[in-house]
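Novice: The file below is query-v2.pdb, PDB, C-alpha atoms:
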```pdb
ATOM      1  CA  MET A 154       0.000   0.000   0.000  1.00  0.00           C
ATOM      2  CA  LEU A 155       1.283   3.445  -0.932  1.00  0.00           C
ATOM      3  CA  SER A 156       0.758   6.561   1.078  1.00  0.00           C
ATOM      4  CA  GLY A 157       1.877  10.158   0.771  1.00  0.00           C
ATOM      5  CA  GLY A 158       4.762   9.359   3.091  1.00  0.00           C
ATOM      6  CA  ASN A 159       6.272   7.074   0.433  1.00  0.00           C
ATOM      7  CA  ILE A 160       6.602   9.801  -2.190  1.00  0.00           C
ATOM      8  CA  ASP A 161       9.912  11.622  -2.569  1.00  0.00           C
ATOM      9  CA  PRO A 162       9.051  15.323  -3.193  1.00  0.00           C
ATOM     10  CA  LEU A 163      12.201  15.902  -5.268  1.00  0.00           C
ATOM     11  CA  LEU A 164      11.402  12.932  -7.487  1.00  0.00           C
ATOM     12  CA  LEU A 165       7.836  14.162  -7.879  1.00  0.00           C
ATOM     13  CA  THR A 166       9.114  17.608  -8.912  1.00  0.00           C
ATOM     14  CA  LYS A 167      11.415  16.035 -11.511  1.00  0.00           C
ATOM     15  CA  LEU A 168       8.574  13.919 -12.863  1.00  0.00           C
ATOM     16  CA  LEU A 169       6.294  16.946 -13.178  1.00  0.00           C
ATOM     17  CA  GLN A 170       8.987  18.985 -14.935  1.00  0.00           C
ATOM     18  CA  HIS A 171       9.743  16.079 -17.256  1.00  0.00           C
ATOM     19  CA  GLY A 172       6.053  15.713 -18.105  1.00  0.00           C
ATOM     20  CA  LEU A 173       5.656  19.448 -18.797  1.00  0.00           C
ATOM     21  CA  THR A 174       8.777  19.417 -20.975  1.00  0.00           C
ATOM     22  CA  ALA A 175       7.639  16.337 -22.912  1.00  0.00           C
ATOM     23  CA  ALA A 176       4.277  18.032 -23.545  1.00  0.00           C
ATOM     24  CA  GLY A 177       5.992  21.229 -24.766  1.00  0.00           C
ATOM     25  CA  ARG A 178       4.536  23.174 -21.830  1.00  0.00           C
ATOM     26  CA  TYR A 179       7.805  24.034 -20.034  1.00  0.00           C
ATOM     27  CA  LEU A 180       9.824  27.048 -21.132  1.00  0.00           C
ATOM     28  CA  ALA A 181      13.092  28.136 -19.503  1.00  0.00           C
ATOM     29  CA  PHE A 182      15.054  31.225 -20.534  1.00  0.00           C
ATOM     30  CA  ARG A 183      17.332  34.055 -19.390  1.00  0.00           C
ATOM     31  CA  CYS A 184      16.448  37.685 -19.829  1.00  0.00           C
ATOM     32  CA  ARG A 185      18.525  40.806 -19.198  1.00  0.00           C
ATOM     33  CA  LEU A 186      16.723  43.779 -17.758  1.00  0.00           C
ATOM     34  CA  PRO A 187      17.612  47.338 -16.824  1.00  0.00           C
ATOM     35  CA  ASP A 188      18.437  47.356 -13.102  1.00  0.00           C
ATOM     36  CA  HIS A 189      15.825  49.790 -11.897  1.00  0.00           C
ATOM     37  CA  PRO A 190      12.620  49.538  -9.865  1.00  0.00           C
ATOM     38  CA  GLY A 191       9.753  47.918 -11.713  1.00  0.00           C
ATOM     39  CA  SER A 192      11.718  46.128 -14.457  1.00  0.00           C
ATOM     40  CA  LEU A 193      11.133  42.646 -13.056  1.00  0.00           C
ATOM     41  CA  ALA A 194       7.510  43.473 -12.164  1.00  0.00           C
ATOM     42  CA  LYS A 195       6.901  44.613 -15.754  1.00  0.00           C
ATOM     43  CA  LEU A 196       8.356  41.400 -17.202  1.00  0.00           C
ATOM     44  CA  LEU A 197       6.258  39.265 -14.857  1.00  0.00           C
ATOM     45  CA  GLY A 198       3.161  41.322 -15.702  1.00  0.00           C
ATOM     46  CA  ASP A 199       3.839  40.861 -19.405  1.00  0.00           C
ATOM     47  CA  LEU A 200       4.113  37.101 -18.897  1.00  0.00           C
ATOM     48  CA  ALA A 201       0.848  37.066 -16.938  1.00  0.00           C
ATOM     49  CA  GLY A 202      -0.826  39.050 -19.707  1.00  0.00           C
ATOM     50  CA  LEU A 203       0.327  36.410 -22.187  1.00  0.00           C
ATOM     51  CA  GLY A 204      -1.229  33.646 -20.077  1.00  0.00           C
ATOM     52  CA  ALA A 205       2.097  32.105 -19.028  1.00  0.00           C
ATOM     53  CA  ASN A 206       2.432  30.758 -15.493  1.00  0.00           C
ATOM     54  CA  VAL A 207       5.757  31.569 -13.819  1.00  0.00           C
ATOM     55  CA  LEU A 208       7.075  28.533 -11.948  1.00  0.00           C
ATOM     56  CA  ASP A 209      10.428  29.929 -10.785  1.00  0.00           C
ATOM     57  CA  VAL A 210      12.460  33.144 -10.955  1.00  0.00           C
ATOM     58  CA  ALA A 211      16.154  33.599 -10.173  1.00  0.00           C
ATOM     59  CA  HIS A 212      17.173  37.275 -10.127  1.00  0.00           C
ATOM     60  CA  ALA A 213      20.864  38.250 -10.313  1.00  0.00           C
ATOM     61  CA  ARG A 214      22.176  41.783 -10.085  1.00  0.00           C
ATOM     62  CA  LEU A 215      25.830  41.097  -9.358  1.00  0.00           C
ATOM     63  CA  ALA A 216      27.672  39.025 -11.947  1.00  0.00           C
ATOM     64  CA  PRO A 217      30.841  39.746 -13.936  1.00  0.00           C
ATOM     65  CA  ARG A 218      28.947  39.478 -17.233  1.00  0.00           C
ATOM     66  CA  LEU A 219      26.427  42.179 -16.256  1.00  0.00           C
ATOM     67  CA  GLY A 220      26.845  45.910 -16.590  1.00  0.00           C
ATOM     68  CA  VAL A 221      26.420  48.084 -13.535  1.00  0.00           C
ATOM     69  CA  ASP A 222      22.928  49.041 -14.731  1.00  0.00           C
ATOM     70  CA  GLU A 223      21.782  45.512 -15.670  1.00  0.00           C
ATOM     71  CA  ALA A 224      20.098  42.571 -13.982  1.00  0.00           C
ATOM     72  CA  GLU A 225      19.469  39.095 -15.311  1.00  0.00           C
ATOM     73  CA  VAL A 226      16.587  36.793 -14.546  1.00  0.00           C
ATOM     74  CA  VAL A 227      16.336  33.084 -15.217  1.00  0.00           C
ATOM     75  CA  LEU A 228      12.705  32.086 -15.588  1.00  0.00           C
ATOM     76  CA  GLN A 229      10.902  28.772 -15.702  1.00  0.00           C
ATOM     77  CA  VAL A 230       7.459  29.199 -17.198  1.00  0.00           C
ATOM     78  CA  GLU A 231       4.513  26.892 -17.836  1.00  0.00           C
ATOM     79  CA  THR A 232       2.637  27.428 -21.085  1.00  0.00           C
ATOM     80  CA  ARG A 233      -0.358  25.770 -22.750  1.00  0.00           C
ATOM     81  CA  GLY A 234       1.839  23.985 -25.288  1.00  0.00           C
ATOM     82  CA  PRO A 235       4.479  24.454 -27.989  1.00  0.00           C
ATOM     83  CA  GLY A 236       2.436  26.981 -29.972  1.00  0.00           C
ATOM     84  CA  HIS A 237       1.797  29.068 -26.878  1.00  0.00           C
ATOM     85  CA  SER A 238       5.525  28.918 -26.004  1.00  0.00           C
ATOM     86  CA  ASP A 239       6.325  30.272 -29.470  1.00  0.00           C
ATOM     87  CA  GLU A 240       3.743  33.062 -28.979  1.00  0.00           C
ATOM     88  CA  VAL A 241       5.217  33.995 -25.597  1.00  0.00           C
ATOM     89  CA  ILE A 242       8.756  34.131 -27.007  1.00  0.00           C
ATOM     90  CA  ALA A 243       7.684  36.196 -30.018  1.00  0.00           C
ATOM     91  CA  ALA A 244       5.659  38.634 -27.894  1.00  0.00           C
ATOM     92  CA  LEU A 245       8.474  39.158 -25.390  1.00  0.00           C
ATOM     93  CA  ARG A 246      11.014  39.738 -28.158  1.00  0.00           C
ATOM     94  CA  SER A 247       8.595  42.117 -29.862  1.00  0.00           C
ATOM     95  CA  ALA A 248       8.321  44.022 -26.573  1.00  0.00           C
ATOM     96  CA  GLY A 249      12.102  44.491 -26.612  1.00  0.00           C
ATOM     97  CA  TYR A 250      13.226  41.760 -24.234  1.00  0.00           C
ATOM     98  CA  THR A 251      16.443  39.906 -25.047  1.00  0.00           C
ATOM     99  CA  LEU A 252      15.983  36.202 -24.376  1.00  0.00           C
ATOM    100  CA  THR A 253      18.594  33.449 -24.348  1.00  0.00           C
ATOM    101  CA  PHE A 254      18.037  29.726 -23.991  1.00  0.00           C
ATOM    102  CA  GLY A 255      20.133  26.870 -22.698  1.00  0.00           C
TER
END
```
Now that the file is in, can you turn its structure into structure tokens?

Specialist:
Amino acid sequence: MLSGGNIDPLLLTKLLQHGLTAAGRYLAFRCRLPDHPGSLAKLLGDLAGLGANVLDVAHARLAPRLGVDEAEVVLQVETRGPGHSDEVIAALRSAGYTLTFG
């Protein structure tokens, strides 16, 4: 008999991420932003407006590769599928965001 106590939360997280990726519903990217108040909030608002669900955000302001007036975020986003991922990427790029993958 299985119970909730037998489930490894880290394994469950990996399985969920794998399933989202296999279904084309998981999108991960880096984005450089100006380092001033509201930049991250605007990006997150734009993603919400596009119907993308933010799963995780890592925000870095101090890194050798960044200028003194830059920040970089690494985002993990859930979308409705591959077509929606393409729409999100195109809309963000059209809005002037620089995205990198991998």

Novice: Residue by residue, what does the PyMOL selection byres ((chain A and resi 204) around 9) grab here? Present the result as a list in words.

Specialist: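 Expected selection for the PyMOL selection byres ((chain A and resi 204) around 9) here is Asp199, Leu200, Ala201, Gly202, Leu203, Ala205, Asn206, Thr232, Arg233, His237 and Val241 of chain A.
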
Novice: Give me the residues near A:Val226 as a compact mmCIF listing (two decimals) with C-alpha atoms, in the frame of the given file, where near means some atom within 8 Å (using all atoms listed in the file) and where sequence neighbours in that chain fewer than 3 positions away do not count.

Specialist:
```txt
# COMPACT_ATOMS: atom_id res chain seq x y z
CA ARG A 183 17.33 34.06 -19.39
CA CYS A 184 16.45 37.68 -19.83
CA ARG A 185 18.52 40.81 -19.20
CA LEU A 186 16.72 43.78 -17.76
CA VAL A 210 12.46 33.14 -10.96
CA ALA A 211 16.15 33.60 -10.17
CA HIS A 212 17.17 37.28 -10.13
CA ALA A 213 20.86 38.25 -10.31
```

Novice: With only C-alpha atoms as the basis for distance, which of A:Glu231, A:Asp209, A:Glu225, A:Asp188 is at the shortest distance from A:Leu252?

Specialist: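 Among the listed residues, the smallest separation from A:Leu252 belongs to A:Glu225.
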
Novice: Here is a test: counting only C-alpha atoms, which residue of A:Leu245, A:Ala175, A:Ala224, A:Ile160 is nearest to A:Ser192?

Specialist: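 Smallest distance to A:Ser192 is found for A:Ala224.
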
Novice: Pick the closest to A:Gln170 from A:Leu193, A:Leu208, A:Gly220, A:Val227: which is it, counting all atoms listed in the file?

Specialist: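 Ranking A:Leu193, A:Leu208, A:Gly220, A:Val227 by distance to A:Gln170, first place goes to A:Leu208.
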
Novice: Between atom CA of A:Pro187 and atom CA of A:Val221, measure the distance and give it in Å to one decimal.

Specialist: 9.4 Å

Novice: Any idea what the distance is between atom CA of A:Gly191 and atom CA of A:Ser238?

Specialist: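 Atom CA of A:Ser238 lies 24.1 Å from atom CA of A:Gly191.
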
Novice: If you measure from atom CA of A:Thr174 to atom CA of A:Gln229, what distance in Å do you get, rounded to one decimal?

Specialist: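 A separation of 10.9 Å between them.
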
Novice: Find, counting all atoms listed in the file, the residue in A:Arg178, A:Lys195, A:His189, A:Lys167 that gets nearest to A:Glu223.

Specialist: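 Between A:Arg178, A:Lys195, A:His189, A:Lys167, the residue approaching A:Glu223 most closely is A:His189.
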